[in-house]
Amino acid sequence: MTWGRQMAENQMWGGRFAGGPSAIMSAINASIEVDQRLWRQDIAASLAHAAMLAEAGIISTADASAIKTGLQDIAAAIEAQQLSFTADLEDIHMNIEAELTRRIGEPGRRLHTARSRNDQVATDFRLWVRDALDGLDAALLDLQRGLLAQAGLHAGTVMPGFTHLQIAQPITFGHHLLAYVEMFARDRGRARDARERLNECPLGAAALAGTSYPIDRTQTAHALGFREPMRNSLDAVSARDFACEYIGVAALTATHLSRLAEELVLWTSPLFGFVRLSDAYTSGSSIMPQKRNPDAAELIRAKAARITGSLTAMLGVVKALPLAYAKDLQEDKALVFEAADALALSMAAMTGMIGDLEANPEAMRAAAAKGYANATDLADWLVQHLGIPFREAHHITGTIVKLAETRGQALEDLPLTDLQSVEPRITQGVHDVLPLDKSVASRNSFGGSAPAQVRAQIAYWTEKLS
Ligand code: ARG
């Protein structure tokens, strides 16, 4: 491996540094490969800073206007991929500033008055993460809408509900999907909370202690859409809890995606057969022609693990840092970007799968019918009609289920005489509660799985997400 050329003289620090960094130093120190993604934010922050410097009389309006034109031209050049960055200039901040000076000369050398890369990077990064949170919110909304549309088709589609992955009680597929709409709503709430806390501006904190120039921090904060300037310059340059929080929100969202992905893996297995994914989101096997593998869902599960890894790493980077800035903080960007990329892809894949999955109501109903999912209904009938205490009713029902199992029959198919051999007071009336649809419809408590409740929740979310 080569480390590139060693610079003859130091392009950045001039005066005190006679020699350039060793090639290895440059390789470990340069962050341009990663932080070039901040170029839009860096230019926006520099535009706000230059305008403020001119208004405060710190630089001339002529210089500010040259800086503005120069930065706008650079933005256009980067957009058109006509500008390449160099690791010799370490990071995106130095690359853009050097390019500005190359283009406009001396005014470019005045841009860095009353700021430091420490407040600069903190500002750029906050702007980036703010956009990422907004993007996540929009992606979550899309997914919620997809789930809601499927729930609307299946408000009355009976499926087994599980606890311990054992068939528990019948529910509807719509009810199951709405559980995820709720979960993702909370993720959106967390993204909003994080955005609110993040939205204050570090710019003007300079290296760590503020500056002797008469800057107007409120002006730059507002120009960049921040609520207000941060009140402590040390905190401004060293705080990365916004990045931790972002990855935290991302990790939790990815964890929720992973739970849904796991369900898709189960449901698409021929052993369940509840759901069929379209060709667009499955792959075949190179050897077994019958296979339809839910690869996208599996990868969403694994990406959740990596995003969680980013969170652990991010917390680890910050954990033992004394105030204020230390170069450790340069490693924050790769962690956030990697988490953001993995999450964006996971969100898109999940939204795609949910959008065109096809449920198999017959398979769902057959599974619910097989698993004695209506045993609780029998026990409840014993309580409600015979006054038997629930614990005892549970015991009686258990005996009946055992009998049905040995006969290989469903509860509703057992002859009344068999039921009465266990509890003589049982009457024909029990058949009013045993059929699956009646069982589902009976759980009509608020938030329950009765189709009437599910439809009410669908109406609530349709209104809320419109
Ligand atoms: N590339 C640096 C980072 O991402 C910018 C800040 C550098 N500050 C410094 N004092 N060397 O953190």
# chains A, B, ... in the order shown; residues from 1 in each chain; ligands from 1
>>> residues_near_ligand(ligand="ligand 1", cutoff="9 Å", atoms="only C-alpha atoms and all ligand atoms", output="PyMOL selection string")
chain A and resi 29-32+35+90-94+116-122+125+207+325-333
>>> residues_around(residues="A:Gly108", least_positions_apart="2", cutoff="9 Å", atoms="only C-alpha atoms", output="MDAnalysis selection string")
chainID A and resid 63 66:67 70 97:106 110:112
>>> write_last_selection(atoms="all heavy atoms", output="short mmCIF file (atom, residue, chain, number, x, y, z; two decimals), in the first residue's frame")
data_model
loop_
_atom_site.label_atom_id
_atom_site.label_comp_id
_atom_site.auth_asym_id
_atom_site.auth_seq_id
_atom_site.Cartn_x
_atom_site.Cartn_y
_atom_site.Cartn_z
N ASP A 63 -15.99 42.68 -0.52
CA ASP A 63 -15.42 41.35 -0.25
C ASP A 63 -16.53 40.32 -0.07
O ASP A 63 -16.45 39.20 -0.60
CB ASP A 63 -14.54 41.39 1.02
CG ASP A 63 -13.19 42.05 0.75
OD1 ASP A 63 -12.85 42.25 -0.45
OD2 ASP A 63 -12.48 42.37 1.73
N ALA A 66 -17.96 39.35 -3.36
CA ALA A 66 -17.05 38.46 -4.11
C ALA A 66 -17.10 37.05 -3.53
O ALA A 66 -17.11 36.05 -4.27
CB ALA A 66 -15.62 39.01 -4.05
N ILE A 67 -17.13 36.98 -2.21
CA ILE A 67 -17.20 35.66 -1.55
C ILE A 67 -18.49 34.94 -1.94
O ILE A 67 -18.49 33.75 -2.29
CB ILE A 67 -17.12 35.82 0.00
CG1 ILE A 67 -15.71 36.26 0.41
CG2 ILE A 67 -17.53 34.53 0.71
CD1 ILE A 67 -15.57 36.67 1.88
N GLY A 70 -18.32 33.76 -5.49
CA GLY A 70 -17.35 32.67 -5.57
C GLY A 70 -17.92 31.37 -5.02
O GLY A 70 -17.79 30.30 -5.64
N GLU A 97 -12.59 26.40 0.99
CA GLU A 97 -11.97 27.71 1.24
C GLU A 97 -10.78 27.93 0.29
O GLU A 97 -10.61 29.02 -0.26
CB GLU A 97 -11.51 27.79 2.70
CG GLU A 97 -11.16 29.20 3.12
CD GLU A 97 -10.50 29.25 4.50
OE1 GLU A 97 -10.93 28.50 5.39
OE2 GLU A 97 -9.54 30.03 4.66
N ALA A 98 -9.99 26.89 0.08
CA ALA A 98 -8.83 27.03 -0.81
C ALA A 98 -9.28 27.28 -2.24
O ALA A 98 -8.70 28.10 -2.97
CB ALA A 98 -7.96 25.76 -0.74
N GLU A 99 -10.34 26.60 -2.64
CA GLU A 99 -10.85 26.80 -3.99
C GLU A 99 -11.40 28.22 -4.16
O GLU A 99 -11.21 28.86 -5.20
CB GLU A 99 -11.94 25.75 -4.29
CG GLU A 99 -12.61 25.87 -5.65
CD GLU A 99 -11.67 25.65 -6.84
OE1 GLU A 99 -10.55 25.12 -6.64
OE2 GLU A 99 -12.05 26.04 -7.96
N LEU A 100 -12.03 28.71 -3.10
CA LEU A 100 -12.56 30.08 -3.14
C LEU A 100 -11.43 31.08 -3.34
O LEU A 100 -11.52 31.98 -4.18
CB LEU A 100 -13.32 30.38 -1.83
CG LEU A 100 -13.93 31.78 -1.72
CD1 LEU A 100 -15.08 31.95 -2.72
CD2 LEU A 100 -14.43 32.05 -0.30
N THR A 101 -10.37 30.90 -2.59
CA THR A 101 -9.24 31.82 -2.69
C THR A 101 -8.56 31.70 -4.06
O THR A 101 -8.15 32.70 -4.66
CB THR A 101 -8.24 31.56 -1.56
OG1 THR A 101 -8.92 31.79 -0.32
CG2 THR A 101 -7.03 32.47 -1.65
N ARG A 102 -8.51 30.46 -4.56
CA ARG A 102 -7.94 30.28 -5.90
C ARG A 102 -8.75 31.07 -6.92
O ARG A 102 -8.22 31.67 -7.84
CB ARG A 102 -7.95 28.78 -6.26
CG ARG A 102 -7.11 28.42 -7.48
CD ARG A 102 -7.28 26.95 -7.87
NE ARG A 102 -8.60 26.66 -8.42
CZ ARG A 102 -9.02 27.01 -9.64
NH1 ARG A 102 -8.21 27.67 -10.46
NH2 ARG A 102 -10.23 26.70 -10.05
N ARG A 103 -10.07 31.10 -6.71
CA ARG A 103 -10.92 31.77 -7.69
C ARG A 103 -10.99 33.28 -7.50
O ARG A 103 -10.99 34.02 -8.47
CB ARG A 103 -12.35 31.21 -7.61
CG ARG A 103 -12.47 29.82 -8.18
CD ARG A 103 -13.86 29.26 -7.96
NE ARG A 103 -13.91 27.89 -8.48
CZ ARG A 103 -14.82 27.45 -9.33
NH1 ARG A 103 -15.78 28.25 -9.75
NH2 ARG A 103 -14.78 26.21 -9.76
N ILE A 104 -11.10 33.75 -6.26
CA ILE A 104 -11.37 35.19 -6.08
C ILE A 104 -10.22 35.93 -5.40
O ILE A 104 -10.31 37.14 -5.18
CB ILE A 104 -12.68 35.44 -5.29
CG1 ILE A 104 -12.56 34.97 -3.83
CG2 ILE A 104 -13.87 34.74 -5.97
CD1 ILE A 104 -13.70 35.41 -2.94
N GLY A 105 -9.18 35.21 -5.02
CA GLY A 105 -8.03 35.89 -4.42
C GLY A 105 -8.29 36.36 -3.00
O GLY A 105 -8.98 35.69 -2.24
N GLU A 106 -7.78 37.54 -2.69
CA GLU A 106 -7.73 37.99 -1.30
C GLU A 106 -9.05 37.95 -0.51
O GLU A 106 -9.05 37.52 0.66
CB GLU A 106 -7.14 39.40 -1.21
CG GLU A 106 -7.09 39.82 0.25
CD GLU A 106 -6.37 41.13 0.49
OE1 GLU A 106 -5.17 41.18 0.17
OE2 GLU A 106 -7.01 42.05 1.03
N ARG A 110 -10.33 36.24 3.61
CA ARG A 110 -10.98 36.93 4.74
C ARG A 110 -12.18 36.15 5.30
O ARG A 110 -12.72 36.50 6.35
CB ARG A 110 -11.47 38.32 4.31
CG ARG A 110 -10.35 39.26 3.89
CD ARG A 110 -10.85 40.69 3.70
NE ARG A 110 -9.81 41.51 3.09
CZ ARG A 110 -8.84 42.10 3.80
NH1 ARG A 110 -8.79 41.97 5.11
NH2 ARG A 110 -7.91 42.82 3.17
N LEU A 111 -12.60 35.13 4.57
CA LEU A 111 -13.81 34.40 4.98
C LEU A 111 -13.67 33.77 6.36
O LEU A 111 -14.63 33.69 7.13
CB LEU A 111 -14.15 33.32 3.93
CG LEU A 111 -15.28 32.35 4.29
CD1 LEU A 111 -16.61 33.08 4.49
CD2 LEU A 111 -15.45 31.29 3.19
N HIS A 112 -12.47 33.33 6.68
CA HIS A 112 -12.30 32.58 7.93
C HIS A 112 -12.14 33.48 9.16
O HIS A 112 -11.81 33.01 10.25
CB HIS A 112 -11.12 31.61 7.80
CG HIS A 112 -11.29 30.35 8.64
ND1 HIS A 112 -12.38 29.52 8.55
CD2 HIS A 112 -10.49 29.77 9.58
CE1 HIS A 112 -12.25 28.51 9.40
NE2 HIS A 112 -11.11 28.64 10.03
#
>>> closest_residue(among="A:Pro435, A:Pro229, A:Gly146, A:Pro451", to="A:Asp356", atoms="only C-alpha atoms")
A:Gly146
>>> residues_around(residues="A:Ala48", least_positions_apart="2", cutoff="9 Å", atoms="only C-alpha atoms", output="number ranges by chain")
A: 43-46, 50-53, 219-221, 223-224
>>> write_last_selection(atoms="all heavy atoms", output="PDB file, in the first residue's frame")
ATOM      1  N   ILE A  43     -21.137  25.330   2.333  1.00  0.00           N
ATOM      2  CA  ILE A  43     -21.300  26.546   1.545  1.00  0.00           C
ATOM      3  C   ILE A  43     -22.423  27.412   2.116  1.00  0.00           C
ATOM      4  O   ILE A  43     -22.281  28.639   2.248  1.00  0.00           O
ATOM      5  CB  ILE A  43     -21.532  26.200   0.052  1.00  0.00           C
ATOM      6  CG1 ILE A  43     -20.181  25.732  -0.531  1.00  0.00           C
ATOM      7  CG2 ILE A  43     -22.086  27.388  -0.723  1.00  0.00           C
ATOM      8  CD1 ILE A  43     -20.221  25.257  -1.959  1.00  0.00           C
ATOM      9  N   ALA A  44     -23.508  26.783   2.521  1.00  0.00           N
ATOM     10  CA  ALA A  44     -24.605  27.552   3.121  1.00  0.00           C
ATOM     11  C   ALA A  44     -24.127  28.296   4.371  1.00  0.00           C
ATOM     12  O   ALA A  44     -24.437  29.483   4.575  1.00  0.00           O
ATOM     13  CB  ALA A  44     -25.765  26.620   3.474  1.00  0.00           C
ATOM     14  N   ALA A  45     -23.354  27.609   5.206  1.00  0.00           N
ATOM     15  CA  ALA A  45     -22.887  28.235   6.446  1.00  0.00           C
ATOM     16  C   ALA A  45     -21.895  29.360   6.146  1.00  0.00           C
ATOM     17  O   ALA A  45     -21.900  30.406   6.809  1.00  0.00           O
ATOM     18  CB  ALA A  45     -22.259  27.183   7.359  1.00  0.00           C
ATOM     19  N   SER A  46     -21.054  29.161   5.136  1.00  0.00           N
ATOM     20  CA  SER A  46     -20.098  30.215   4.778  1.00  0.00           C
ATOM     21  C   SER A  46     -20.810  31.432   4.200  1.00  0.00           C
ATOM     22  O   SER A  46     -20.417  32.577   4.452  1.00  0.00           O
ATOM     23  CB  SER A  46     -19.070  29.690   3.767  1.00  0.00           C
ATOM     24  OG  SER A  46     -18.171  28.823   4.423  1.00  0.00           O
ATOM     25  N   ALA A  50     -20.379  35.047   5.880  1.00  0.00           N
ATOM     26  CA  ALA A  50     -19.829  36.190   5.146  1.00  0.00           C
ATOM     27  C   ALA A  50     -20.809  37.364   5.147  1.00  0.00           C
ATOM     28  O   ALA A  50     -20.411  38.529   5.336  1.00  0.00           O
ATOM     29  CB  ALA A  50     -19.484  35.768   3.720  1.00  0.00           C
ATOM     30  N   ALA A  51     -22.093  37.065   4.947  1.00  0.00           N
ATOM     31  CA  ALA A  51     -23.092  38.144   4.954  1.00  0.00           C
ATOM     32  C   ALA A  51     -23.106  38.846   6.303  1.00  0.00           C
ATOM     33  O   ALA A  51     -23.176  40.081   6.385  1.00  0.00           O
ATOM     34  CB  ALA A  51     -24.475  37.563   4.639  1.00  0.00           C
ATOM     35  N   MET A  52     -22.995  38.045   7.367  1.00  0.00           N
ATOM     36  CA  MET A  52     -22.995  38.626   8.718  1.00  0.00           C
ATOM     37  C   MET A  52     -21.734  39.470   8.946  1.00  0.00           C
ATOM     38  O   MET A  52     -21.807  40.574   9.498  1.00  0.00           O
ATOM     39  CB  MET A  52     -23.106  37.499   9.755  1.00  0.00           C
ATOM     40  CG  MET A  52     -23.127  37.935  11.197  1.00  0.00           C
ATOM     41  SD  MET A  52     -21.480  38.261  11.884  1.00  0.00           S
ATOM     42  CE  MET A  52     -20.762  36.633  11.891  1.00  0.00           C
ATOM     43  N   LEU A  53     -20.570  38.954   8.482  1.00  0.00           N
ATOM     44  CA  LEU A  53     -19.314  39.702   8.669  1.00  0.00           C
ATOM     45  C   LEU A  53     -19.422  41.082   8.022  1.00  0.00           C
ATOM     46  O   LEU A  53     -18.971  42.095   8.589  1.00  0.00           O
ATOM     47  CB  LEU A  53     -18.133  38.932   8.058  1.00  0.00           C
ATOM     48  CG  LEU A  53     -17.667  37.669   8.772  1.00  0.00           C
ATOM     49  CD1 LEU A  53     -16.513  37.004   7.998  1.00  0.00           C
ATOM     50  CD2 LEU A  53     -17.243  37.959  10.213  1.00  0.00           C
ATOM     51  N   GLN A 219     -28.031  36.500  13.875  1.00  0.00           N
ATOM     52  CA  GLN A 219     -28.238  36.636  12.424  1.00  0.00           C
ATOM     53  C   GLN A 219     -27.862  35.348  11.681  1.00  0.00           C
ATOM     54  O   GLN A 219     -28.628  34.853  10.858  1.00  0.00           O
ATOM     55  CB  GLN A 219     -27.420  37.815  11.878  1.00  0.00           C
ATOM     56  CG  GLN A 219     -27.617  37.990  10.373  1.00  0.00           C
ATOM     57  CD  GLN A 219     -26.742  39.091   9.774  1.00  0.00           C
ATOM     58  OE1 GLN A 219     -26.381  40.057  10.449  1.00  0.00           O
ATOM     59  NE2 GLN A 219     -26.415  38.946   8.503  1.00  0.00           N
ATOM     60  N   THR A 220     -26.686  34.825  11.969  1.00  0.00           N
ATOM     61  CA  THR A 220     -26.286  33.602  11.244  1.00  0.00           C
ATOM     62  C   THR A 220     -27.185  32.421  11.634  1.00  0.00           C
ATOM     63  O   THR A 220     -27.552  31.609  10.781  1.00  0.00           O
ATOM     64  CB  THR A 220     -24.809  33.235  11.515  1.00  0.00           C
ATOM     65  OG1 THR A 220     -24.525  33.383  12.904  1.00  0.00           O
ATOM     66  CG2 THR A 220     -23.874  34.123  10.718  1.00  0.00           C
ATOM     67  N   ALA A 221     -27.544  32.361  12.907  1.00  0.00           N
ATOM     68  CA  ALA A 221     -28.425  31.259  13.333  1.00  0.00           C
ATOM     69  C   ALA A 221     -29.725  31.286  12.534  1.00  0.00           C
ATOM     70  O   ALA A 221     -30.151  30.262  11.973  1.00  0.00           O
ATOM     71  CB  ALA A 221     -28.714  31.358  14.832  1.00  0.00           C
ATOM     72  N   ALA A 223     -30.357  32.828   9.703  1.00  0.00           N
ATOM     73  CA  ALA A 223     -30.140  32.646   8.260  1.00  0.00           C
ATOM     74  C   ALA A 223     -30.075  31.161   7.913  1.00  0.00           C
ATOM     75  O   ALA A 223     -30.426  30.751   6.808  1.00  0.00           O
ATOM     76  CB  ALA A 223     -28.856  33.342   7.828  1.00  0.00           C
ATOM     77  N   LEU A 224     -29.611  30.348   8.858  1.00  0.00           N
ATOM     78  CA  LEU A 224     -29.473  28.909   8.593  1.00  0.00           C
ATOM     79  C   LEU A 224     -30.672  28.105   9.114  1.00  0.00           C
ATOM     80  O   LEU A 224     -30.635  26.874   9.130  1.00  0.00           O
ATOM     81  CB  LEU A 224     -28.175  28.395   9.212  1.00  0.00           C
ATOM     82  CG  LEU A 224     -26.902  28.977   8.560  1.00  0.00           C
ATOM     83  CD1 LEU A 224     -25.666  28.661   9.386  1.00  0.00           C
ATOM     84  CD2 LEU A 224     -26.739  28.453   7.137  1.00  0.00           C
TER      85      LEU A 224
END
>>> residues_around(residues="A:Glu182", least_positions_apart="2", cutoff="12 Å", atoms="only C-alpha atoms", output="MDAnalysis selection string")
chainID A and resid 140:141 143:145 147:148 175:180 184:189 256 447 457:458 460:461 464:465
>>> residues_around(residues="A:Tyr246", least_positions_apart="4", cutoff="7 Å", atoms="only C-alpha atoms", output="PyMOL selection string")
chain A and resi 194+242+250
>>> select_by_dssp(residues="stretch 42-202 of chain A", states="strand (DSSP E or B)", output="PDB file with N, CA, C and O atoms, in the first residue's frame")
ATOM      1  N   VAL A 158     -59.058 -12.618   8.961  1.00  0.00           N
ATOM      2  CA  VAL A 158     -58.700 -13.299  10.209  1.00  0.00           C
ATOM      3  C   VAL A 158     -57.364 -14.017  10.076  1.00  0.00           C
ATOM      4  O   VAL A 158     -57.089 -14.684   9.079  1.00  0.00           O
ATOM      5  N   MET A 159     -56.523 -13.822  11.067  1.00  0.00           N
ATOM      6  CA  MET A 159     -55.252 -14.559  11.121  1.00  0.00           C
ATOM      7  C   MET A 159     -55.004 -14.944  12.573  1.00  0.00           C
ATOM      8  O   MET A 159     -55.634 -14.395  13.476  1.00  0.00           O
ATOM      9  N   PRO A 160     -54.110 -15.881  12.813  1.00  0.00           N
ATOM     10  CA  PRO A 160     -53.801 -16.161  14.210  1.00  0.00           C
ATOM     11  C   PRO A 160     -52.938 -15.040  14.788  1.00  0.00           C
ATOM     12  O   PRO A 160     -52.016 -14.560  14.123  1.00  0.00           O
ATOM     13  N   GLY A 161     -53.259 -14.620  15.993  1.00  0.00           N
ATOM     14  CA  GLY A 161     -52.346 -13.746  16.726  1.00  0.00           C
ATOM     15  C   GLY A 161     -51.454 -14.652  17.550  1.00  0.00           C
ATOM     16  O   GLY A 161     -51.883 -15.718  17.986  1.00  0.00           O
ATOM     17  N   PHE A 162     -50.215 -14.230  17.753  1.00  0.00           N
ATOM     18  CA  PHE A 162     -49.248 -15.099  18.436  1.00  0.00           C
ATOM     19  C   PHE A 162     -48.763 -14.474  19.737  1.00  0.00           C
ATOM     20  O   PHE A 162     -48.637 -13.252  19.845  1.00  0.00           O
ATOM     21  N   THR A 163     -48.492 -15.319  20.704  1.00  0.00           N
ATOM     22  CA  THR A 163     -47.567 -14.946  21.779  1.00  0.00           C
ATOM     23  C   THR A 163     -46.603 -16.126  21.877  1.00  0.00           C
ATOM     24  O   THR A 163     -47.017 -17.276  21.653  1.00  0.00           O
ATOM     25  N   GLN A 166     -46.568 -18.929  19.512  1.00  0.00           N
ATOM     26  CA  GLN A 166     -47.586 -19.978  19.568  1.00  0.00           C
ATOM     27  C   GLN A 166     -48.909 -19.313  19.233  1.00  0.00           C
ATOM     28  O   GLN A 166     -49.146 -18.161  19.606  1.00  0.00           O
ATOM     29  N   ILE A 167     -49.779 -20.049  18.546  1.00  0.00           N
ATOM     30  CA  ILE A 167     -51.074 -19.473  18.187  1.00  0.00           C
ATOM     31  C   ILE A 167     -51.836 -19.138  19.463  1.00  0.00           C
ATOM     32  O   ILE A 167     -52.007 -19.987  20.345  1.00  0.00           O
ATOM     33  N   ALA A 168     -52.260 -17.876  19.576  1.00  0.00           N
ATOM     34  CA  ALA A 168     -52.827 -17.393  20.832  1.00  0.00           C
ATOM     35  C   ALA A 168     -54.322 -17.130  20.714  1.00  0.00           C
ATOM     36  O   ALA A 168     -55.139 -17.858  21.275  1.00  0.00           O
ATOM     37  N   GLN A 169     -54.690 -16.087  19.977  1.00  0.00           N
ATOM     38  CA  GLN A 169     -56.095 -15.749  19.763  1.00  0.00           C
ATOM     39  C   GLN A 169     -56.220 -15.226  18.343  1.00  0.00           C
ATOM     40  O   GLN A 169     -55.262 -14.664  17.819  1.00  0.00           O
ATOM     41  N   PRO A 170     -57.386 -15.382  17.736  1.00  0.00           N
ATOM     42  CA  PRO A 170     -57.521 -14.845  16.376  1.00  0.00           C
ATOM     43  C   PRO A 170     -57.518 -13.316  16.402  1.00  0.00           C
ATOM     44  O   PRO A 170     -58.076 -12.705  17.319  1.00  0.00           O
ATOM     45  N   ILE A 171     -56.863 -12.747  15.423  1.00  0.00           N
ATOM     46  CA  ILE A 171     -56.857 -11.292  15.249  1.00  0.00           C
ATOM     47  C   ILE A 171     -57.124 -11.038  13.766  1.00  0.00           C
ATOM     48  O   ILE A 171     -57.457 -11.970  13.048  1.00  0.00           O
ATOM     49  N   THR A 172     -56.976  -9.807  13.328  1.00  0.00           N
ATOM     50  CA  THR A 172     -57.052  -9.590  11.876  1.00  0.00           C
ATOM     51  C   THR A 172     -55.701  -9.074  11.384  1.00  0.00           C
ATOM     52  O   THR A 172     -54.923  -8.474  12.139  1.00  0.00           O
ATOM     53  N   GLU A 200     -30.186  24.413  17.204  1.00  0.00           N
ATOM     54  CA  GLU A 200     -29.561  25.655  17.674  1.00  0.00           C
ATOM     55  C   GLU A 200     -28.147  25.721  17.106  1.00  0.00           C
ATOM     56  O   GLU A 200     -27.526  24.692  16.836  1.00  0.00           O
ATOM     57  N   CYS A 201     -27.642  26.922  16.946  1.00  0.00           N
ATOM     58  CA  CYS A 201     -26.501  27.111  16.058  1.00  0.00           C
ATOM     59  C   CYS A 201     -25.159  27.309  16.783  1.00  0.00           C
ATOM     60  O   CYS A 201     -25.006  28.202  17.603  1.00  0.00           O
TER      61      CYS A 201
END
>>> residues_around(residues="A:Val275", least_positions_apart="5", cutoff="9 Å", atoms="only C-alpha atoms", output="list in words")
Leu264, Trp267, Thr268, Ser269, Leu357, Glu358, Ala359, Asn360, Pro361, Ala363 and Met364 of chain A
>>> closest_residue(among="A:Arg276, A:Pro270, A:Arg109, A:Ala313", to="A:Cys244", atoms="only C-alpha atoms")
A:Ala313
>>> residues_around(residues="A:Ala297", least_positions_apart="6", cutoff="9 Å", atoms="only C-alpha atoms", output="number ranges by chain")
A: 257-258, 260-265, 281-282, 346, 349-350, 353
>>> closest_residue(among="A:Leu419, A:Ala77, A:Ala236, A:Ala139", to="A:Thr253", atoms="only C-alpha atoms")
A:Ala139
>>> atom_distance(atom1="atom CA of A:Thr406", atom2="atom CA of A:Val422")
14.4 Å
>>> atom_distance(atom1="atom CA of A:Asn232", atom2="atom CA of A:Leu208")
9.1 Å
>>> atom_distance(atom1="atom CA of A:Leu382", atom2="atom CA of A:Asp432")
12.5 Å
>>> select_by_dssp(residues="stretch 126-293 of chain A", states="alpha helix (DSSP H)", output="PyMOL selection string")
chain A and resi 126-153+173-198+217-223+233-238+241-268
>>> closest_residue(among="A:Thr123, A:Asn374, A:Ser421, A:Gln41", to="A:Phe226", atoms="only C-alpha atoms")
A:Thr123
>>> closest_residue(among="A:Asp142, A:Glu463, A:Arg37, A:His164", to="A:Val336", atoms="only C-alpha atoms")
A:Arg37
